[in-house]
$ cat coords_5.txt   # compact mmCIF, C-alpha atoms
# COMPACT_ATOMS: atom_id res chain seq x y z
CA MET A 859 0.67 -9.05 10.68
CA ALA A 860 4.29 -9.22 9.57
CA ASP A 861 5.10 -10.28 13.09
CA GLU A 862 2.58 -13.11 12.97
CA VAL A 863 3.96 -14.39 9.70
CA GLU A 864 7.39 -14.36 11.23
CA GLN A 865 7.33 -15.57 14.80
CA GLN A 866 4.11 -16.13 16.71
CA GLN A 867 1.75 -19.01 16.53
CA THR A 868 -1.60 -17.41 15.62
CA THR A 869 -4.32 -18.47 18.04
CA ASN A 870 -7.90 -19.02 17.10
CA THR A 871 -9.40 -17.77 20.34
CA VAL A 872 -10.50 -14.21 20.82
CA GLU A 873 -8.43 -12.80 23.65
CA GLU A 874 -8.26 -9.08 23.09
CA PRO A 875 -10.09 -6.44 21.05
CA LEU A 876 -7.60 -6.68 18.18
CA ASP A 877 -8.54 -10.32 17.80
CA LEU A 878 -12.01 -9.20 16.82
CA ILE A 879 -10.48 -7.34 13.90
CA ARG A 880 -8.58 -10.47 13.00
CA LEU A 881 -11.93 -12.20 12.56
CA SER A 882 -12.76 -9.66 9.84
CA LEU A 883 -9.69 -10.37 7.71
CA ASP A 884 -10.62 -10.75 4.05
CA GLU A 885 -14.10 -9.53 4.82
CA ARG A 886 -15.62 -6.22 3.85
CA ILE A 887 -15.57 -3.80 6.76
CA TYR A 888 -16.64 -0.31 7.65
CA VAL A 889 -14.05 2.04 9.09
CA LYS A 890 -14.96 5.34 10.66
CA MET A 891 -12.08 7.81 10.54
CA ARG A 892 -11.30 11.22 11.93
CA ASN A 893 -12.35 14.32 10.00
CA ASP A 894 -15.76 12.92 9.06
CA ARG A 895 -14.43 10.22 6.79
CA GLU A 896 -15.66 6.69 6.31
CA LEU A 897 -14.13 3.82 4.44
CA ARG A 898 -15.76 0.67 3.16
CA GLY A 899 -13.47 -1.97 1.82
CA ARG A 900 -12.00 -5.44 2.12
CA LEU A 901 -9.55 -5.82 4.97
CA HIS A 902 -6.35 -7.41 3.74
CA ALA A 903 -4.03 -6.62 6.64
CA TYR A 904 -3.82 -4.73 9.88
CA ASP A 905 -1.38 -4.20 12.71
CA GLN A 906 -1.41 -3.15 16.36
CA HIS A 907 -1.50 0.54 15.43
CA LEU A 908 -4.58 -0.14 13.30
CA ASN A 909 -2.60 0.65 10.17
CA MET A 910 -4.64 -1.23 7.59
CA ILE A 911 -4.51 -2.35 4.01
CA LEU A 912 -7.93 -2.12 2.42
CA GLY A 913 -8.88 -3.30 -1.04
CA ASP A 914 -11.68 -2.02 -3.28
CA VAL A 915 -12.21 0.93 -1.01
CA GLU A 916 -14.91 3.53 -1.13
CA GLU A 917 -14.07 6.66 0.87
CA THR A 918 -16.90 8.95 1.92
CA VAL A 919 -16.12 12.45 3.13
CA THR A 920 -19.03 14.25 4.75
CA THR A 921 -19.21 18.02 5.03
CA VAL A 922 -21.79 20.30 6.56
CA GLU A 923 -22.57 23.58 4.94
CA ILE A 924 -24.62 26.12 6.83
CA ASP A 925 -26.91 28.30 4.78
CA GLU A 926 -26.13 31.91 5.68
CA GLU A 927 -29.72 33.11 5.82
CA THR A 928 -31.80 30.18 6.94
CA TYR A 929 -29.07 28.56 9.09
CA GLU A 930 -30.08 25.31 7.51
CA GLU A 931 -27.54 22.51 7.72
CA LEU A 932 -26.78 21.00 4.34
CA TYR A 933 -24.98 17.66 4.54
CA LYS A 934 -22.88 16.84 1.53
CA SER A 935 -20.87 13.70 0.99
CA THR A 936 -18.12 13.10 -1.54
CA LYS A 937 -17.17 9.57 -2.48
CA ARG A 938 -14.22 8.15 -4.28
CA ASN A 939 -12.99 4.67 -5.08
CA ILE A 940 -9.45 3.43 -4.61
CA PRO A 941 -8.33 -0.09 -5.59
CA MET A 942 -5.77 -0.62 -2.80
CA LEU A 943 -5.13 1.67 0.10
CA PHE A 944 -2.77 1.76 3.06
CA VAL A 945 -4.43 3.58 5.97
CA ARG A 946 -2.40 5.04 8.82
CA GLY A 947 -3.80 3.82 12.11
CA ASP A 948 -3.90 7.10 13.99
CA GLY A 949 -6.76 8.27 11.79
CA VAL A 950 -8.95 5.27 12.60
CA VAL A 951 -11.80 5.78 15.06
CA LEU A 952 -13.70 2.52 14.77
CA VAL A 953 -13.84 -0.70 12.78
CA ALA A 954 -17.06 -2.62 12.22
CA PRO A 955 -18.81 -4.98 9.85
CA PRO A 956 -20.40 -3.05 6.99
CA LEU A 957 -23.52 -1.18 8.06
CA ARG A 958 -26.71 -2.37 6.48
CA VAL A 959 -28.81 0.59 5.41
CA GLY A 960 -32.60 0.35 5.54
CA MET B 261 15.82 -0.83 -6.36
CA GLU B 262 16.18 2.26 -8.55
CA SER B 263 19.22 4.30 -9.54
CA ALA B 264 22.02 4.68 -7.02
CA GLU B 265 22.19 7.73 -4.75
CA ASN B 266 24.78 10.37 -5.58
CA GLN B 267 25.28 11.36 -1.97
CA THR B 268 27.07 9.30 0.66
CA PRO B 269 25.34 5.93 0.82
CA GLU B 270 22.71 6.09 3.52
CA PRO B 271 22.76 3.43 6.21
CA GLU B 272 19.46 2.07 4.88
CA LEU B 273 21.03 1.04 1.60
CA VAL B 274 23.84 -0.81 3.32
CA ALA B 275 22.20 -2.44 6.29
CA GLY B 276 18.53 -2.16 5.43
CA PHE B 277 17.82 -0.07 8.51
CA SER B 278 19.51 2.74 10.38
CA SER B 279 19.35 0.94 13.70
CA ILE B 280 18.19 -2.27 15.30
CA ARG B 281 15.46 -0.31 17.02
CA GLU B 282 14.09 0.86 13.67
CA ARG B 283 14.27 -2.64 12.27
CA THR B 284 12.28 -4.03 15.19
CA ILE B 285 9.66 -1.31 14.96
CA ALA B 286 9.28 -1.81 11.23
CA GLU B 287 9.16 -5.60 11.30
CA ASN B 288 6.40 -5.53 13.89
CA SER B 289 4.03 -3.32 11.91
CA LEU B 290 2.66 -2.76 8.44
CA VAL B 291 5.26 -0.08 7.74
CA ILE B 292 7.35 -2.92 6.36
CA LEU B 293 4.97 -3.03 3.40
CA LEU B 294 5.48 0.66 2.71
CA GLN B 295 9.20 0.06 2.74
CA GLY B 296 8.67 -2.45 -0.04
CA LEU B 297 7.26 0.38 -2.12
CA GLN B 298 10.67 1.97 -2.55
CA GLY B 299 11.26 2.75 -6.21
CA GLN B 300 7.58 2.76 -7.14
CA VAL B 301 5.37 5.68 -8.02
CA THR B 302 2.54 6.18 -5.55
CA THR B 303 0.23 8.81 -4.23
CA VAL B 304 0.43 9.81 -0.59
CA ASP B 305 -2.63 11.52 0.88
CA LEU B 306 -1.57 13.85 3.63
CA ARG B 307 -3.41 14.80 6.80
CA ASP B 308 -3.90 18.33 5.54
CA GLU B 309 -5.99 17.06 2.63
CA SER B 310 -3.23 17.59 0.09
CA THR B 311 -1.75 14.82 -2.03
CA ALA B 312 1.74 14.09 -3.27
CA ARG B 313 2.41 11.76 -6.18
CA GLY B 314 5.97 10.70 -6.89
CA HIS B 315 8.68 8.07 -6.62
CA VAL B 316 9.15 6.61 -3.18
CA VAL B 317 12.79 7.03 -2.25
CA ASN B 318 12.64 5.80 1.30
CA VAL B 319 10.23 4.99 4.10
CA ASP B 320 11.50 4.61 7.63
CA ALA B 321 10.02 2.81 10.61
CA PHE B 322 8.13 5.92 11.69
CA MET B 323 6.45 6.18 8.29
CA ASN B 324 8.47 9.27 7.37
CA ILE B 325 8.42 9.19 3.57
CA ARG B 326 10.90 10.67 1.18
CA LEU B 327 9.60 11.19 -2.36
CA LYS B 328 11.25 12.48 -5.51
CA LYS B 329 9.90 13.97 -8.73
CA VAL B 330 6.71 14.90 -6.99
CA LEU B 331 3.50 16.46 -8.16
CA HIS B 332 1.96 18.06 -5.09
CA ARG B 333 -1.69 19.05 -5.14
CA ASP B 334 -2.77 21.20 -2.22
CA ARG B 335 -6.26 21.13 -0.73
CA ARG B 336 -7.42 23.74 -3.21
CA GLY B 337 -6.17 21.72 -6.16
CA ARG B 338 -3.17 23.91 -6.93
CA LEU B 339 -0.33 21.90 -8.41
CA THR B 340 3.35 22.26 -7.58
CA GLN B 341 6.25 20.24 -8.94
CA LEU B 342 8.92 19.28 -6.47
CA GLU B 343 12.22 17.51 -6.94
CA ASP B 344 12.24 16.22 -3.38
CA LEU B 345 9.59 15.95 -0.70
CA PHE B 346 9.89 14.69 2.86
CA VAL B 347 6.65 13.85 4.63
CA THR B 348 6.60 13.27 8.38
CA GLY B 349 4.95 9.99 9.33
CA ARG B 350 2.35 11.77 11.44
CA ASN B 351 1.17 13.70 8.42
CA VAL B 352 0.39 10.65 6.33
CA ARG B 353 -3.28 9.75 6.01
CA TYR B 354 -3.24 7.24 3.16
CA VAL B 355 -0.74 5.66 0.83
CA HIS B 356 -2.14 4.38 -2.43
CA ILE B 357 -0.72 0.98 -3.22
CA PRO B 358 -0.03 0.31 -6.91
CA ASP B 359 -2.47 -2.21 -8.38
CA HIS B 360 0.16 -4.67 -9.52
CA MET B 361 1.70 -5.18 -6.10
CA ASP B 362 1.39 -8.46 -4.24
CA ILE B 363 1.18 -7.56 -0.58
CA MET B 364 2.25 -10.82 1.02
CA GLU B 365 5.11 -11.23 -1.41
CA THR B 366 6.35 -7.72 -0.72
CA ILE B 367 6.21 -8.11 3.05
CA GLN B 368 7.94 -11.48 2.97
CA GLY B 369 10.55 -10.10 0.62
CA GLN B 370 11.26 -7.22 2.98
CA LEU B 371 11.59 -9.54 5.97
CA ALA B 372 13.87 -11.89 4.06
CA LYS B 373 16.03 -8.96 3.04
CA SER B 374 16.58 -7.78 6.60
CA HIS B 375 17.30 -11.29 7.84
CA ARG B 376 19.89 -11.84 5.14
CA VAL B 377 21.59 -8.63 6.23
CA ARG B 378 21.42 -9.61 9.87
CA ASN B 379 23.23 -12.87 9.30
CA PHE B 380 25.74 -11.31 6.94
CA ALA B 381 26.52 -8.48 9.35
CA GLY B 382 27.80 -10.60 12.18
CA GLY B 383 25.76 -13.61 12.96
CA ARG B 384 24.55 -12.41 16.30
CA LYS B 385 21.62 -14.75 16.77
CA GLU B 386 18.96 -12.33 17.92
CA TYR B 387 16.07 -14.57 17.10
CA ALA B 388 16.09 -18.26 17.98
CA LYS B 389 13.44 -19.07 15.39
CA LYS B 390 14.18 -18.51 11.74
CA LYS B 391 11.74 -18.41 8.87
CA SER B 392 13.15 -19.37 5.46
$ encode --input "coords_5.txt" --output "structure tokens"
Amino acid sequence: MADEVEQQQTTNTVEEPLDLIRLSLDERIYVKMRNDRELRGRLHAYDQHLNMILGDVEETVTTVEIDEETYEELYKSTKRNIPMLFVRGDGVVLVAPPLRVG
Amino acid sequence: MESAENQTPEPELVAGFSSIRERTIAENSLVILLQGLQGQVTTVDLRDESTARGHVVNVDAFMNIRLKKVLHRDRRGRLTQLEDLFVTGRNVRYVHIPDHMDIMETIQGQLAKSHRVRNFAGGRKEYAKKKS
């Protein structure tokens, strides 16, 4: 992003996968991360490493607890909200438009 | 920037970056925004689920972060106070950006800073195009 501000002429055609992310700038997106984390927020900036700046973010951390006796799987999720977050790209698994539930 | 360092002035303070390689890496990624955070208080979420809140002293092109006056909370919630903390770039998961910060302004400010230094330091025209 800093590079584009500085030197290149930004194109409007989609040429490579990162261009698809460019289309989502300023939109709300869904990011699936490593360690069972998900982020939903507004994409302000990204770079080739998939480092991202997200605004109004909701982070969901999902954990599975196994009941000792019944071996039942209990899925728990913890959410928290962060106004502006820089995300390091190596934790990102996928980027998508927000999922519509139901 | 904040109070002056007591130790020998680090190359970053003089030239902006330790090497041309670092400058190029930083200018071509979002790390340049983190470098604009120097002097501010932020929270860094680490890969090991711990968090560190303190003043950002320095961020290099590899996202290695040096913090001072840190409150470190480990994954169990235990708090430790630290005068100095160095976090390897690989171990960073998130950096919380202070609410009041303007992202574009900060990035452009950082780029302007390194271009001013470049021209002052010798006028070797590395880039044909210049942005004011």
$ closest_residue --input "coords_5.txt" --among "B:Arg283, B:Arg336, B:Arg307, B:His315" --to "Pro358 of chain B" --atoms "only C-alpha atoms"
B:His315
$ residues_around --input "coords_5.txt" --residues "Gly296 of chain B" --least-positions-apart "4" --cutoff "7 Å" --atoms "all atoms listed in the file" --output "compact mmCIF listing (two decimals) with C-alpha atoms, in the coordinates of the input"
# COMPACT_ATOMS: atom_id res chain seq x y z
CA ILE B 292 7.35 -2.92 6.36
CA THR B 366 6.35 -7.72 -0.72
CA ILE B 367 6.21 -8.11 3.05
CA GLN B 370 11.26 -7.22 2.98
$ interface_residues --input "coords_5.txt" --of "chain A" --to "chain B" --cutoff "6 Å" --atoms "all atoms listed in the file" --output "list in words"
Asp861, Asp905, Met942, Leu943, Phe944, Val945 and Arg946 of chain A
$ residues_around --input "coords_5.txt" --residues "Asp894 of chain A" --least-positions-apart "6" --cutoff "9 Å" --atoms "all atoms listed in the file" --output "VMD selection string"
chain A and resid 918 to 921
$ atom_distance --input "coords_5.txt" --atom1 "atom CA of His375 of chain B" --atom2 "atom CA of Gln295 of chain B"
14.8 Å
$ residues_near_point --input "coords_5.txt" --point "(-11.4, 0.6, 16.7)" --cutoff "9 Å" --atoms "only C-alpha atoms" --output "ChimeraX atom specification"
/A:875-876,879,889-890,908,950-954
$ atom_distance --input "coords_5.txt" --atom1 "atom CA of Val301 of chain B" --atom2 "atom CA of Val316 of chain B"
6.2 Å
$ residues_around --input "coords_5.txt" --residues "Glu916 of chain A" --least-positions-apart "5" --cutoff "8 Å" --atoms "only C-alpha atoms" --output "PyMOL selection string"
chain A and resi 897-899+937-940
$ residues_around --input "coords_5.txt" --residues "Asn318 of chain B" --least-positions-apart "6" --cutoff "10 Å" --atoms "all atoms listed in the file" --output "list in words"
Glu272, Leu273, Leu294, Gln295, Gly296, Leu297, Gln298, Gly299, Asn324, Ile325, Arg326, Leu327, Lys328 and Phe346 of chain B
$ atom_distance --input "coords_5.txt" --atom1 "atom CA of Gly369 of chain B" --atom2 "atom CA of Glu343 of chain B"
28.7 Å
$ build_atoms --input "coords_5.txt" --residues "segment 327-349 of chain B" --atoms "N, CA, C and O atoms" --output "mmCIF file, in the frame of the given file"
data_model
loop_
_atom_site.group_PDB
_atom_site.id
_atom_site.type_symbol
_atom_site.label_atom_id
_atom_site.label_comp_id
_atom_site.auth_asym_id
_atom_site.auth_seq_id
_atom_site.Cartn_x
_atom_site.Cartn_y
_atom_site.Cartn_z
ATOM 1 N N LEU B 327 10.034 11.372 -0.974
ATOM 2 C CA LEU B 327 9.600 11.190 -2.360
ATOM 3 C C LEU B 327 10.455 12.051 -3.278
ATOM 4 O O LEU B 327 10.973 13.093 -2.877
ATOM 5 N N LYS B 328 10.580 11.624 -4.546
ATOM 6 C CA LYS B 328 11.250 12.480 -5.510
ATOM 7 C C LYS B 328 10.384 12.610 -6.745
ATOM 8 O O LYS B 328 9.509 11.788 -7.016
ATOM 9 N N LYS B 329 10.651 13.655 -7.517
ATOM 10 C CA LYS B 329 9.900 13.970 -8.730
ATOM 11 C C LYS B 329 8.408 13.977 -8.434
ATOM 12 O O LYS B 329 7.654 13.171 -8.958
ATOM 13 N N VAL B 330 8.036 14.903 -7.592
ATOM 14 C CA VAL B 330 6.710 14.900 -6.990
ATOM 15 C C VAL B 330 5.786 15.914 -7.642
ATOM 16 O O VAL B 330 6.210 17.025 -7.970
ATOM 17 N N LEU B 331 4.533 15.508 -7.808
ATOM 18 C CA LEU B 331 3.500 16.460 -8.160
ATOM 19 C C LEU B 331 2.640 16.630 -6.907
ATOM 20 O O LEU B 331 1.986 15.691 -6.478
ATOM 21 N N HIS B 332 2.693 17.816 -6.331
ATOM 22 C CA HIS B 332 1.960 18.060 -5.090
ATOM 23 C C HIS B 332 0.710 18.858 -5.402
ATOM 24 O O HIS B 332 0.751 19.877 -6.075
ATOM 25 N N ARG B 333 -0.416 18.355 -4.925
ATOM 26 C CA ARG B 333 -1.690 19.050 -5.140
ATOM 27 C C ARG B 333 -2.180 19.492 -3.786
ATOM 28 O O ARG B 333 -2.405 18.650 -2.920
ATOM 29 N N ASP B 334 -2.331 20.779 -3.557
ATOM 30 C CA ASP B 334 -2.770 21.200 -2.220
ATOM 31 C C ASP B 334 -4.288 21.059 -2.123
ATOM 32 O O ASP B 334 -4.961 20.653 -3.066
ATOM 33 N N ARG B 335 -4.841 21.396 -0.964
ATOM 34 C CA ARG B 335 -6.260 21.130 -0.730
ATOM 35 C C ARG B 335 -7.152 21.920 -1.656
ATOM 36 O O ARG B 335 -8.317 21.588 -1.833
ATOM 37 N N ARG B 336 -6.604 22.967 -2.269
ATOM 38 C CA ARG B 336 -7.420 23.740 -3.210
ATOM 39 C C ARG B 336 -7.268 23.226 -4.631
ATOM 40 O O ARG B 336 -7.887 23.739 -5.549
ATOM 41 N N GLY B 337 -6.365 22.249 -4.822
ATOM 42 C CA GLY B 337 -6.170 21.720 -6.160
ATOM 43 C C GLY B 337 -5.015 22.349 -6.902
ATOM 44 O O GLY B 337 -4.741 22.007 -8.053
ATOM 45 N N ARG B 338 -4.293 23.266 -6.245
ATOM 46 C CA ARG B 338 -3.170 23.910 -6.930
ATOM 47 C C ARG B 338 -2.005 22.936 -7.015
ATOM 48 O O ARG B 338 -1.662 22.277 -6.037
ATOM 49 N N LEU B 339 -1.397 22.857 -8.189
ATOM 50 C CA LEU B 339 -0.330 21.900 -8.410
ATOM 51 C C LEU B 339 1.046 22.553 -8.285
ATOM 52 O O LEU B 339 1.254 23.684 -8.711
ATOM 53 N N THR B 340 1.964 21.802 -7.680
ATOM 54 C CA THR B 340 3.350 22.260 -7.580
ATOM 55 C C THR B 340 4.245 21.084 -7.919
ATOM 56 O O THR B 340 3.989 19.965 -7.485
ATOM 57 N N GLN B 341 5.296 21.323 -8.681
ATOM 58 C CA GLN B 341 6.250 20.240 -8.940
ATOM 59 C C GLN B 341 7.430 20.382 -8.012
ATOM 60 O O GLN B 341 7.963 21.470 -7.815
ATOM 61 N N LEU B 342 7.824 19.256 -7.431
ATOM 62 C CA LEU B 342 8.920 19.280 -6.470
ATOM 63 C C LEU B 342 9.905 18.184 -6.787
ATOM 64 O O LEU B 342 9.508 17.060 -7.109
ATOM 65 N N GLU B 343 11.183 18.508 -6.697
ATOM 66 C CA GLU B 343 12.220 17.510 -6.940
ATOM 67 C C GLU B 343 12.254 16.500 -5.797
ATOM 68 O O GLU B 343 12.437 15.315 -5.989
ATOM 69 N N ASP B 344 12.084 17.019 -4.593
ATOM 70 C CA ASP B 344 12.240 16.220 -3.380
ATOM 71 C C ASP B 344 11.171 16.604 -2.374
ATOM 72 O O ASP B 344 10.934 17.779 -2.158
ATOM 73 N N LEU B 345 10.559 15.625 -1.751
ATOM 74 C CA LEU B 345 9.590 15.950 -0.700
ATOM 75 C C LEU B 345 9.761 14.992 0.455
ATOM 76 O O LEU B 345 9.858 13.775 0.261
ATOM 77 N N PHE B 346 9.816 15.513 1.662
ATOM 78 C CA PHE B 346 9.890 14.690 2.860
ATOM 79 C C PHE B 346 8.592 14.883 3.644
ATOM 80 O O PHE B 346 8.245 15.995 3.986
ATOM 81 N N VAL B 347 7.902 13.781 3.883
ATOM 82 C CA VAL B 347 6.650 13.850 4.630
ATOM 83 C C VAL B 347 6.841 13.169 5.969
ATOM 84 O O VAL B 347 7.260 12.017 6.027
ATOM 85 N N THR B 348 6.509 13.876 7.052
ATOM 86 C CA THR B 348 6.600 13.270 8.380
ATOM 87 C C THR B 348 5.537 12.189 8.504
ATOM 88 O O THR B 348 4.412 12.354 8.019
ATOM 89 N N GLY B 349 5.877 11.102 9.173
ATOM 90 C CA GLY B 349 4.950 9.990 9.330
ATOM 91 C C GLY B 349 3.593 10.409 9.866
ATOM 92 O O GLY B 349 2.548 9.942 9.418
#
